[in-house]
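Below: target.cif (mmCIF, C-alpha atoms)
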```
data_data
#
loop_
_atom_site.label_atom_id
_atom_site.label_comp_id
_atom_site.auth_asym_id
_atom_site.auth_seq_id
_atom_site.Cartn_x
_atom_site.Cartn_y
_atom_site.Cartn_z
CA MET A 1 103.48 2.58 -100.40
CA ARG A 2 100.32 4.05 -98.94
CA ARG A 3 99.96 4.78 -95.27
CA THR A 4 96.92 3.19 -93.78
CA GLY A 5 95.40 3.09 -90.24
CA THR A 6 95.61 5.75 -87.60
CA THR A 7 98.54 7.50 -86.01
CA LEU A 8 99.30 7.22 -82.34
CA THR A 9 98.60 10.93 -81.97
CA GLU A 10 95.18 10.43 -83.50
CA VAL A 11 94.37 7.56 -81.16
CA MET A 12 95.58 9.53 -78.16
CA LEU A 13 93.48 12.49 -79.21
CA ALA A 14 90.41 10.27 -79.66
CA ILE A 15 90.88 8.71 -76.23
CA ALA A 16 91.28 12.15 -74.66
CA ILE A 17 88.10 13.43 -76.30
CA LEU A 18 86.27 10.27 -75.28
CA ALA A 19 87.41 10.57 -71.68
CA VAL A 20 86.57 14.24 -71.35
CA ALA A 21 83.18 13.92 -73.04
CA MET A 22 82.05 10.67 -71.46
CA MET A 23 82.67 11.57 -67.83
CA PRO A 24 79.89 14.17 -67.54
CA ILE A 25 77.63 12.07 -69.75
CA PHE A 26 78.03 9.02 -67.53
CA HIS A 27 77.49 11.22 -64.51
CA MET A 28 74.31 12.61 -66.09
CA MET A 29 73.05 9.13 -66.94
CA SER A 30 73.78 7.87 -63.47
CA ALA A 31 72.00 10.83 -61.86
CA SER A 32 69.09 10.36 -64.21
CA ASN A 33 68.89 6.69 -63.28
CA THR A 34 68.87 7.45 -59.54
CA ALA A 35 66.25 10.16 -60.01
CA SER A 36 64.07 7.85 -62.10
CA ARG A 37 64.15 5.30 -59.32
CA MET A 38 63.26 7.98 -56.79
CA GLN A 39 60.34 9.10 -58.95
CA LYS A 40 59.08 5.57 -59.30
CA VAL A 41 59.06 5.34 -55.51
CA GLU A 42 57.25 8.68 -55.31
CA GLY A 43 54.48 7.32 -57.53
CA VAL A 44 54.09 4.28 -55.28
CA ALA A 45 54.17 6.54 -52.20
CA ALA A 46 51.32 8.65 -53.62
CA ASN A 47 49.18 5.57 -54.15
CA LEU A 48 49.89 4.21 -50.67
CA ALA A 49 49.17 7.62 -49.11
CA LYS A 50 45.85 7.84 -50.93
CA GLU A 51 44.75 4.46 -49.62
CA GLU A 52 45.89 5.28 -46.11
CA MET A 53 44.23 8.70 -46.09
CA ASN A 54 40.95 7.15 -47.26
CA ARG A 55 41.18 4.75 -44.32
CA TRP A 56 41.63 7.63 -41.87
CA MET A 57 38.84 9.62 -43.48
CA TYR A 58 36.19 6.92 -43.76
CA VAL A 59 37.11 3.64 -42.10
CA LEU A 60 38.89 4.14 -38.79
CA ASP A 61 36.88 5.09 -35.73
CA PRO A 62 37.84 8.65 -34.68
CA GLY A 63 37.53 7.44 -31.09
CA ASN A 64 40.66 5.36 -31.72
CA PHE A 65 42.67 8.13 -33.29
CA PRO A 66 46.03 9.01 -31.67
CA ASP A 67 46.23 11.72 -29.04
CA ASP A 68 45.72 15.28 -30.13
CA GLY A 69 48.73 16.61 -32.03
CA ASP A 70 50.87 13.47 -31.52
CA GLU A 71 52.81 12.08 -34.44
CA HIS A 72 51.75 8.51 -35.15
CA LEU A 73 53.83 6.22 -37.34
CA VAL A 74 51.36 4.38 -39.58
CA ASN A 75 53.79 2.18 -41.45
CA VAL A 76 57.15 1.94 -43.15
CA PHE A 77 56.69 0.11 -46.42
CA ASN A 78 59.68 -1.64 -47.92
CA ILE A 79 59.22 -2.06 -51.65
CA GLU A 80 62.12 -3.45 -53.72
CA GLY A 81 64.55 -2.09 -51.15
CA ASN A 82 62.99 1.39 -51.20
CA GLU A 83 61.44 2.71 -48.03
CA ILE A 84 58.20 4.68 -47.84
CA GLU A 85 57.26 6.08 -44.45
CA ILE A 86 53.76 7.30 -43.61
CA LYS A 87 53.02 9.26 -40.44
CA VAL A 88 49.80 10.89 -39.28
CA ARG A 89 48.95 13.72 -36.92
CA VAL A 90 45.38 14.47 -35.89
CA TYR A 91 44.21 17.76 -34.42
CA ARG A 92 40.78 17.85 -32.81
CA HIS A 93 38.74 21.00 -33.08
CA GLY A 94 38.23 21.90 -29.43
CA ASN A 95 36.89 25.42 -29.71
CA THR A 96 33.40 25.51 -28.21
CA SER A 97 32.86 29.13 -29.19
CA THR A 98 33.31 28.67 -32.93
CA ASN A 99 30.41 30.42 -34.56
CA VAL A 100 27.99 28.52 -36.74
CA LYS A 101 25.95 30.35 -39.34
CA TYR A 102 22.42 29.25 -40.03
CA PRO A 103 19.30 30.66 -41.71
CA GLU A 104 16.37 31.83 -39.65
CA PHE A 105 12.99 32.11 -41.28
CA ASP A 106 10.18 34.48 -40.52
CA TRP A 107 7.80 31.54 -40.71
CA HIS A 108 4.19 32.29 -40.27
CA ASP A 109 1.01 30.33 -40.53
CA PHE A 110 1.86 27.50 -42.90
CA ARG A 111 -1.79 26.89 -43.65
CA THR A 112 -2.02 30.15 -45.51
CA SER A 113 1.41 30.07 -47.05
CA CYS A 114 1.55 26.60 -48.55
CA GLY A 115 -0.55 27.59 -51.50
CA GLY A 116 2.08 30.03 -52.77
CA GLY A 117 1.01 32.70 -50.34
CA ARG A 118 3.04 35.31 -48.53
CA GLU A 119 5.93 33.00 -47.74
CA GLY A 120 6.29 31.76 -51.29
CA ASN A 121 6.36 35.26 -52.69
CA ASP A 122 9.15 36.63 -50.55
CA LEU A 123 11.12 33.74 -49.20
CA THR A 124 14.42 35.54 -49.67
CA GLY A 125 13.32 38.58 -47.71
CA MET A 126 12.00 36.37 -44.92
CA THR A 127 15.25 34.49 -44.49
CA HIS A 128 17.82 35.97 -42.14
CA ASP A 129 21.48 35.31 -41.53
CA ARG A 130 22.08 34.19 -37.92
CA SER A 131 25.16 33.03 -36.06
CA ARG A 132 25.60 31.31 -32.70
CA PRO A 133 28.48 29.51 -30.96
CA ILE A 134 28.68 25.80 -31.62
CA GLN A 135 28.17 25.00 -27.92
CA GLU A 136 24.69 26.51 -28.15
CA VAL A 137 23.53 24.75 -31.29
CA THR A 138 25.06 21.27 -31.16
CA ARG A 139 23.34 18.39 -29.47
CA ASP A 140 26.69 16.77 -28.93
CA GLU A 141 27.93 16.17 -25.36
CA ASP A 142 31.32 17.80 -26.00
CA ARG A 143 29.66 21.00 -27.20
CA THR A 144 32.39 21.22 -29.85
CA PHE A 145 32.59 20.85 -33.56
CA ARG A 146 33.38 17.19 -34.08
CA LEU A 147 35.94 18.05 -36.68
CA VAL A 148 39.36 16.44 -36.85
CA ASP A 149 42.14 17.86 -38.99
CA ILE A 150 44.18 14.99 -40.38
CA VAL A 151 47.70 15.59 -41.69
CA MET A 152 49.56 12.79 -43.41
CA ILE A 153 53.31 13.05 -43.78
CA VAL A 154 54.74 10.89 -46.52
CA ARG A 155 58.44 10.51 -47.28
CA TRP A 156 60.53 8.03 -49.17
CA ARG A 157 64.08 7.05 -49.98
CA THR A 158 66.02 4.62 -52.15
CA PRO A 159 68.57 2.25 -50.56
CA ASN A 160 71.58 4.50 -51.13
CA THR A 161 70.02 7.79 -50.12
CA ALA A 162 69.21 9.43 -46.78
CA TRP A 163 65.82 10.81 -45.71
CA SER A 164 65.42 14.22 -47.27
CA ASP A 165 62.92 17.08 -47.14
CA VAL A 166 62.85 17.06 -50.93
CA ASN A 167 61.36 13.58 -51.04
CA ARG A 168 58.34 14.32 -48.92
CA PHE A 169 54.80 15.56 -49.32
CA TYR A 170 51.79 16.23 -47.10
CA LEU A 171 48.11 15.46 -47.38
CA LEU A 172 45.71 17.57 -45.34
CA SER A 173 42.03 16.97 -44.83
CA ARG A 174 39.27 17.26 -42.28
CA ARG A 175 36.85 14.68 -41.02
CA GLY A 176 33.49 15.38 -39.42
CA TYR A 177 31.78 12.87 -37.16
CA MET A 178 29.08 12.70 -34.50
CA MET B 1 100.88 15.86 -99.00
CA SER B 2 103.76 13.73 -97.55
CA GLU B 3 106.50 11.73 -99.33
CA ASP B 4 107.09 7.98 -99.36
CA ARG B 5 110.21 7.35 -97.35
CA ILE B 6 111.58 4.72 -99.82
CA THR B 7 110.61 6.01 -103.24
CA GLY B 8 110.45 9.67 -102.34
CA GLN B 9 107.22 9.91 -104.30
CA PRO B 10 104.51 12.01 -102.88
CA THR B 11 101.77 9.97 -101.23
CA ARG B 12 98.08 10.81 -100.92
CA PRO B 13 96.66 10.82 -97.44
CA SER B 14 94.82 7.65 -96.50
CA PRO B 15 91.02 7.94 -96.63
CA ARG B 16 91.04 6.41 -93.10
CA GLN B 17 93.25 9.13 -91.67
CA GLY B 18 91.33 11.05 -88.93
CA ILE B 19 88.61 8.40 -88.79
CA ALA B 20 89.21 7.71 -85.09
CA VAL B 21 88.38 11.25 -84.09
CA VAL B 22 85.31 11.27 -86.30
CA LEU B 23 84.15 7.95 -84.83
CA VAL B 24 84.70 9.17 -81.29
CA LEU B 25 82.87 12.42 -81.93
CA THR B 26 79.95 10.53 -83.49
CA PHE B 27 79.86 8.19 -80.50
CA VAL B 28 79.96 11.12 -78.06
CA VAL B 29 77.16 12.93 -79.87
CA CYS B 30 74.99 9.78 -79.86
CA THR B 31 75.60 9.15 -76.16
CA LEU B 32 74.94 12.79 -75.34
CA SER B 33 71.62 12.64 -77.22
CA LEU B 34 70.70 9.52 -75.25
CA ALA B 35 71.59 11.22 -71.95
CA ILE B 36 69.60 14.34 -72.85
CA GLY B 37 66.67 12.13 -73.85
CA MET B 38 66.83 10.34 -70.50
CA PHE B 39 67.09 13.63 -68.67
CA SER B 40 64.06 15.16 -70.36
CA PHE B 41 62.04 11.96 -69.84
CA ARG B 42 62.92 12.10 -66.16
CA LYS B 43 61.71 15.70 -66.04
CA GLU B 44 58.40 14.66 -67.57
CA VAL B 45 57.97 11.83 -65.08
CA LYS B 46 58.78 14.24 -62.26
CA GLN B 47 56.11 16.67 -63.47
CA ALA B 48 53.59 13.83 -63.75
CA ASN B 49 54.37 12.73 -60.18
CA VAL B 50 54.04 16.23 -58.76
CA SER B 51 50.79 16.65 -60.66
CA ASN B 52 49.51 13.36 -59.24
CA VAL B 53 50.36 14.40 -55.68
CA ASN B 54 48.79 17.82 -56.30
CA PHE B 55 45.60 16.13 -57.42
CA LEU B 56 45.50 14.04 -54.24
CA GLN B 57 46.09 17.09 -52.04
CA ALA B 58 43.35 19.15 -53.71
CA ASN B 59 40.98 16.18 -53.79
CA PHE B 60 41.32 15.52 -50.06
CA LEU B 61 40.73 19.21 -49.39
CA ALA B 62 37.51 19.01 -51.40
CA GLN B 63 36.58 15.94 -49.35
CA ALA B 64 37.13 18.03 -46.22
CA GLY B 65 34.53 20.47 -47.59
CA VAL B 66 32.02 17.66 -48.06
CA GLN B 67 32.73 16.38 -44.53
CA HIS B 68 32.21 19.86 -43.11
CA ALA B 69 28.87 20.23 -44.90
CA LEU B 70 27.75 16.76 -43.79
CA LEU B 71 28.61 17.52 -40.17
CA LYS B 72 26.67 20.76 -40.35
CA CYS B 73 23.67 18.90 -41.74
CA ARG B 74 23.90 16.58 -38.72
CA ILE B 75 24.22 19.45 -36.26
CA LEU B 76 21.38 21.47 -37.78
CA PRO B 77 19.17 18.94 -39.58
CA GLN B 78 16.04 21.02 -39.52
CA GLU B 79 17.75 24.13 -40.87
CA ALA B 80 19.28 22.02 -43.62
CA TYR B 81 15.92 20.53 -44.55
CA ASP B 82 14.07 23.87 -44.39
CA SER B 83 16.73 25.50 -46.55
CA GLY B 84 16.33 22.70 -49.06
CA MET B 85 12.56 23.12 -49.19
CA ALA B 86 12.95 26.88 -49.61
CA PHE B 87 15.37 26.11 -52.44
CA GLN B 88 12.57 24.20 -54.14
CA GLY B 89 9.96 26.84 -53.25
CA TYR B 90 7.99 24.54 -50.98
CA CYS B 91 6.75 25.07 -47.47
CA PRO B 92 8.81 22.82 -45.14
CA LEU B 93 5.69 21.13 -43.82
CA GLN B 94 4.23 20.51 -47.24
CA ALA B 95 3.89 16.96 -48.49
CA VAL B 96 5.28 16.28 -51.95
CA LEU B 97 3.45 13.16 -53.05
CA ALA B 98 4.13 11.14 -56.16
CA GLY B 99 1.50 11.84 -58.78
CA GLY B 100 0.34 14.93 -56.93
CA SER B 101 0.96 18.49 -58.05
CA PRO B 102 2.08 20.37 -54.96
CA THR B 103 1.83 24.13 -55.07
CA ARG B 104 5.21 25.73 -55.35
CA GLY B 105 6.08 29.33 -54.46
CA THR B 106 9.04 31.34 -55.68
CA SER B 107 12.12 29.29 -54.88
CA SER B 108 14.92 30.93 -52.95
CA ALA B 109 18.53 29.83 -52.56
CA ARG B 110 19.13 32.43 -49.82
CA ALA B 111 18.69 30.02 -46.90
CA MET B 112 20.97 27.43 -48.46
CA GLU B 113 23.61 30.05 -49.18
CA ILE B 114 23.55 31.10 -45.52
CA PHE B 115 23.67 27.47 -44.44
CA ILE B 116 26.86 26.68 -46.38
CA SER B 117 28.45 30.12 -45.99
CA ASP B 118 30.78 29.04 -43.18
CA CYS B 119 31.61 25.59 -44.53
CA ASN B 120 35.12 26.54 -45.49
CA SER B 121 38.63 26.62 -44.11
CA THR B 122 38.49 30.40 -43.56
CA ASP B 123 35.51 30.53 -41.18
CA VAL B 124 36.53 27.35 -39.40
CA PRO B 125 40.31 27.54 -39.79
CA TRP B 126 42.76 24.66 -39.65
CA ASP B 127 44.38 24.01 -36.30
CA PRO B 128 47.27 26.52 -36.05
CA ARG B 129 49.52 23.80 -34.61
CA ILE B 130 49.68 22.27 -38.09
CA SER B 131 51.66 25.30 -39.15
CA SER B 132 53.88 25.44 -36.09
CA ASP B 133 54.50 21.66 -35.92
CA LEU B 134 55.05 20.97 -39.58
CA GLY B 135 55.87 24.32 -41.12
CA LEU B 136 52.95 24.22 -43.53
CA ASN B 137 51.63 27.53 -44.78
CA LEU B 138 47.92 27.01 -44.12
CA ALA B 139 46.99 29.82 -46.51
CA ASP B 140 48.03 27.42 -49.29
CA TRP B 141 45.47 24.81 -48.23
CA LYS B 142 41.86 25.85 -48.72
CA TYR B 143 38.47 24.31 -49.18
CA GLU B 144 34.95 25.58 -49.46
CA VAL B 145 31.50 24.26 -50.15
CA ALA B 146 30.76 25.92 -53.47
CA SER B 147 27.06 25.04 -53.56
CA MET B 148 24.38 22.88 -52.07
CA THR B 149 21.35 22.33 -54.27
CA VAL B 150 18.21 20.24 -54.05
CA ILE B 151 17.55 18.01 -57.02
CA ALA B 152 14.45 16.19 -55.78
CA ALA B 153 11.82 16.35 -53.04
CA PHE B 154 9.28 13.74 -52.06
CA THR B 155 7.31 12.51 -49.09
CA ASN B 156 7.75 8.93 -47.98
CA THR B 157 4.35 8.23 -46.46
CA ASP B 158 5.24 4.67 -45.38
CA GLN B 159 8.12 5.89 -43.21
CA LYS B 160 6.42 9.19 -42.40
CA LEU B 161 9.32 11.18 -43.74
CA PHE B 162 9.78 14.29 -45.81
CA VAL B 163 12.82 13.59 -47.98
CA LEU B 164 15.05 15.85 -50.04
CA THR B 165 17.82 14.71 -52.33
CA SER B 166 20.56 17.27 -52.14
CA GLN B 167 23.83 17.69 -53.95
CA ILE B 168 26.88 19.16 -52.23
CA ILE B 169 29.65 20.53 -54.43
CA ALA B 170 32.89 21.27 -52.60
CA SER B 171 36.19 22.48 -53.96
CA GLY B 172 39.71 22.21 -52.60
CA THR B 173 42.66 24.35 -53.66
CA VAL B 174 46.29 23.74 -52.87
CA ILE B 175 49.46 25.56 -53.79
CA GLU B 176 52.35 23.11 -53.75
CA HIS B 177 55.69 24.86 -53.89
CA ARG B 178 57.51 21.63 -54.70
CA GLY B 179 57.88 21.59 -58.48
CA GLY B 180 56.97 25.29 -58.68
CA ARG B 181 53.40 24.71 -59.76
CA GLY B 182 50.54 27.16 -59.32
CA PRO B 183 47.28 26.51 -57.46
CA ARG B 184 45.57 23.20 -58.11
CA CYS B 185 41.80 23.04 -57.67
CA GLU B 186 39.64 19.93 -57.52
CA ARG B 187 35.88 19.60 -57.07
CA MET B 188 33.92 16.88 -55.40
CA VAL B 189 30.20 16.18 -55.68
CA LYS B 190 28.30 14.30 -53.02
CA THR B 191 24.61 13.44 -53.18
CA ILE B 192 22.83 13.08 -49.85
CA GLU B 193 19.32 12.75 -48.47
CA LEU B 194 17.92 15.26 -46.01
CA SER B 195 14.84 14.15 -44.15
CA ARG B 196 12.39 15.42 -41.60
CA LYS B 197 10.00 13.28 -39.64
CA ILE B 198 6.27 13.80 -39.98
CA ASN B 199 4.81 13.94 -36.52
#
```

Turn this file's structure into structure tokens for me.
Amino acid sequence: MRRTGTTLTEVMLAIAILAVAMMPIFHMMSASNTASRMQKVEGVAANLAKEEMNRWMYVLDPGNFPDDGDEHLVNVFNIEGNEIEIKVRVYRHGNTSTNVKYPEFDWHDFRTSCGGGREGNDLTGMTHDRSRPIQEVTRDEDRTFRLVDIVMIVRWRTPNTAWSDVNRFYLLSRRGYM
Amino acid sequence: MSEDRITGQPTRPSPRQGIAVVLVLTFVVCTLSLAIGMFSFRKEVKQANVSNVNFLQANFLAQAGVQHALLKCRILPQEAYDSGMAFQGYCPLQAVLAGGSPTRGTSSARAMEIFISDCNSTDVPWDPRISSDLGLNLADWKYEVASMTVIAAFTNTDQKLFVLTSQIIASGTVIEHRGGRGPRCERMVKTIELSRKIN
């Protein structure tokens, strides 16, 4: 009579191997699944941040921007249970003594120079590097550079996770207006 | 080789003996391959996401450069226009009429170079509060106007305007430590018109 099938020892050994091997694998798969979800949210967050930053750069009136340096909550988007939070801080350039560089020309009588005369022959030598504070050159009432530094803070989380510094990025830009 | 307990004859081991362990090991190897595949795919997606965010950051820095140049053109319109005309080798008060052949001198980019030389985040630095409030290292966020050229000049006699078509090229560079990537640089090109009224 031939023995067929598997012994109890063999089955026990198989179950032990299965248990030991599968635990870290399941853990890895579960972590991978959570991370994939997080990354999907990050992609959506990047798109939303881009749209929002464009709005702050080109659409919104700088006169209606939040107070200097204050953190302003733009929105908390809830997408498929995931939360994406966008905040903005604006910093106005208030330094009236910021120097502005500009070229100064040794212009002379245009009537003699227009025909490729003295000016045309040595334009580089007749152009000088000058610098003056913004308050002296601007025609603006504030006498400042109308520059606003815009910082966007974007963070996100999935339903089962807490807010974390890892899941966050910044966008930084500058807007000029008069 | 074992013996049959009834006949006492030696028996050959069953071909199925040990199959359970083999099956389990095969299953474990397959599952492990799947998990490794998922893990590496996740890594790729992560890199793609970081790269996408890096692009946005560098692109908005380049846009800051364009905004800076545009503001300077508004603050110093005449200097901008004169620099543009010098770039083309024309006298700033010279009419460039369609069909005409205006005399052109030796063009010089010197004035334009001076004009854009402080359109960057070094000469007009970011607000230091950004660093103190948010912990950002502002040395990692830079922009500059790389060049400003004139691609066309003409005189609009109907509107009594000298007009230059100018192209601003700005670049933004960011170093994002998240994901351990190096500097990311993006360029942005903006075409504008500079004009000066004919009195």

If I wrap all listed atoms of stretch 144-148 of chain B in a box with edges along x, y and z and add 3 Å on each side, what are its centre and edge lengths in Å to one decimal, as JSON?
```
{"center_x": 29.7, "center_y": 24.4, "center_z": -51.5, "size_x": 16.6, "size_y": 9.0, "size_z": 10.1}
```

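Between A:Asn167 and the candidates A:Gly125, A:Gly81, A:Gly43, A:Pro62, the tightest atom-to-atom separation, counting only C-alpha atoms, involves A:Gly43.
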
| request: Expand the PyMOL selection byres ((chain B) within 7 of (chain A)) into the individual residues it matches in the shown file, reporting them as JSON, numbers by chain. | output: {"B": [4, 11, 14, 16, 17, 18, 20, 21, 24, 28, 32, 35, 38, 39, 42, 46, 49, 53, 57, 60, 61, 64, 67, 68, 71, 75, 79, 89, 91, 94, 103, 104, 105, 106, 108, 110, 111, 114, 115, 118, 126, 127]}

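Of the listed residues A:Asn64, A:Thr96, A:Thr9, A:Thr34, the one whose atoms come nearest to A:Arg143 is A:Thr96, with distances taken using all atoms listed in the file.
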
| said: I'd like the interatomic distance between atom CA of B:Ser121 and atom CA of A:Val88, to a tenth of an Å. | reply: 19.9 Å

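If you measure from each of A:His72, A:Asp142, A:Met152, A:Met23 to A:Glu52 using only C-alpha atoms, the closest one turns out to be A:Met152.
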
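In this structure, atom CA of B:Ser40 sits 26.4 Å away from atom CA of B:Val174.
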
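Across the model, the gap from atom CA of A:Val154 to atom CA of A:Leu48 is 9.2 Å.
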
| field | Distance criterion (all atoms listed in the file): nearest to A:Arg132 out of B:Leu161, B:Ala86, B:Leu76, B:Ala98 | value | B:Leu76

Ref. answer, residues at most 12 Å from (0.8, 10.0, -50.4) with only C-alpha atoms, as a PDB file with C-alpha atoms, in the frame of the given file:
```pdb
ATOM      1  CA  GLN B  94       4.230  20.510 -47.240  1.00  0.00           C
ATOM      2  CA  ALA B  95       3.890  16.960 -48.490  1.00  0.00           C
ATOM      3  CA  VAL B  96       5.280  16.280 -51.950  1.00  0.00           C
ATOM      4  CA  LEU B  97       3.450  13.160 -53.050  1.00  0.00           C
ATOM      5  CA  ALA B  98       4.130  11.140 -56.160  1.00  0.00           C
ATOM      6  CA  GLY B  99       1.500  11.840 -58.780  1.00  0.00           C
ATOM      7  CA  GLY B 100       0.340  14.930 -56.930  1.00  0.00           C
ATOM      8  CA  SER B 101       0.960  18.490 -58.050  1.00  0.00           C
ATOM      9  CA  PRO B 102       2.080  20.370 -54.960  1.00  0.00           C
ATOM     10  CA  PHE B 154       9.280  13.740 -52.060  1.00  0.00           C
ATOM     11  CA  THR B 155       7.310  12.510 -49.090  1.00  0.00           C
ATOM     12  CA  ASN B 156       7.750   8.930 -47.980  1.00  0.00           C
ATOM     13  CA  THR B 157       4.350   8.230 -46.460  1.00  0.00           C
ATOM     14  CA  ASP B 158       5.240   4.670 -45.380  1.00  0.00           C
ATOM     15  CA  GLN B 159       8.120   5.890 -43.210  1.00  0.00           C
ATOM     16  CA  LYS B 160       6.420   9.190 -42.400  1.00  0.00           C
ATOM     17  CA  LEU B 161       9.320  11.180 -43.740  1.00  0.00           C
ATOM     18  CA  PHE B 162       9.780  14.290 -45.810  1.00  0.00           C
TER      19      PHE B 162
END
```

| Using the chain letters and numbers from the file, which residues does the PyMOL selection byres ((chain B and resi 195) around 6) grab, as an MDAnalysis selection string? | chainID B and resid 162:163 194 196

| request: Would you please work out which residue, of B:Ser147, B:Thr26, B:Val50, B:Leu164, is nearest to B:Tyr90 when using all atoms listed in the file? | output: B:Leu164

| field | Neighbour residues at most 8 Å from (37.7, 14.5, -55.5) (only C-alpha atoms) as a list in words | value | Leu56, Ala58, Asn59, Phe60, Ala62, Gln63, Glu186, Arg187, Met188 and Val189 of chain B

Atoms to include: C-alpha atoms. Write the selected residues as a JSON list (two decimals), keeping the file's coordinate frame.
```json
[["chain", "number", "residue", "atom", "x", "y", "z"],
["B", 56, "LEU", "CA", 45.50, 14.04, -54.24],
["B", 58, "ALA", "CA", 43.35, 19.15, -53.71],
["B", 59, "ASN", "CA", 40.98, 16.18, -53.79],
["B", 60, "PHE", "CA", 41.32, 15.52, -50.06],
["B", 62, "ALA", "CA", 37.51, 19.01, -51.40],
["B", 63, "GLN", "CA", 36.58, 15.94, -49.35],
["B", 186, "GLU", "CA", 39.64, 19.93, -57.52],
["B", 187, "ARG", "CA", 35.88, 19.60, -57.07],
["B", 188, "MET", "CA", 33.92, 16.88, -55.40],
["B", 189, "VAL", "CA", 30.20, 16.18, -55.68]]
```

Taking the file as I've supplied it (selection: the PyMOL selection byres ((chain B and resi 142) around 6)), which residues are included? Please answer as a compact mmCIF listing (two decimals) with C-alpha atoms, keeping the file's coordinate frame.
```txt
# COMPACT_ATOMS: atom_id res chain seq x y z
CA SER B 121 38.63 26.62 -44.11
CA TRP B 141 45.47 24.81 -48.23
CA TYR B 143 38.47 24.31 -49.18
CA GLY B 172 39.71 22.21 -52.60
CA THR B 173 42.66 24.35 -53.66
```

| request: For each of A:Asp68, A:Asp61, A:Asp106, A:Glu83, take the minimum atom-to-atom distance to A:Thr161, counting all atoms listed in the file, then give the residue where this is smallest. | output: A:Glu83

| request: Excluding B:Ser51 and residues on its chain fewer than 6 positions from it, collect all residues at most 10 Å away from it, counting all atoms listed in the file, and give them as a ChimeraX atom specification. | output: /B:45,57,176,179,181,184
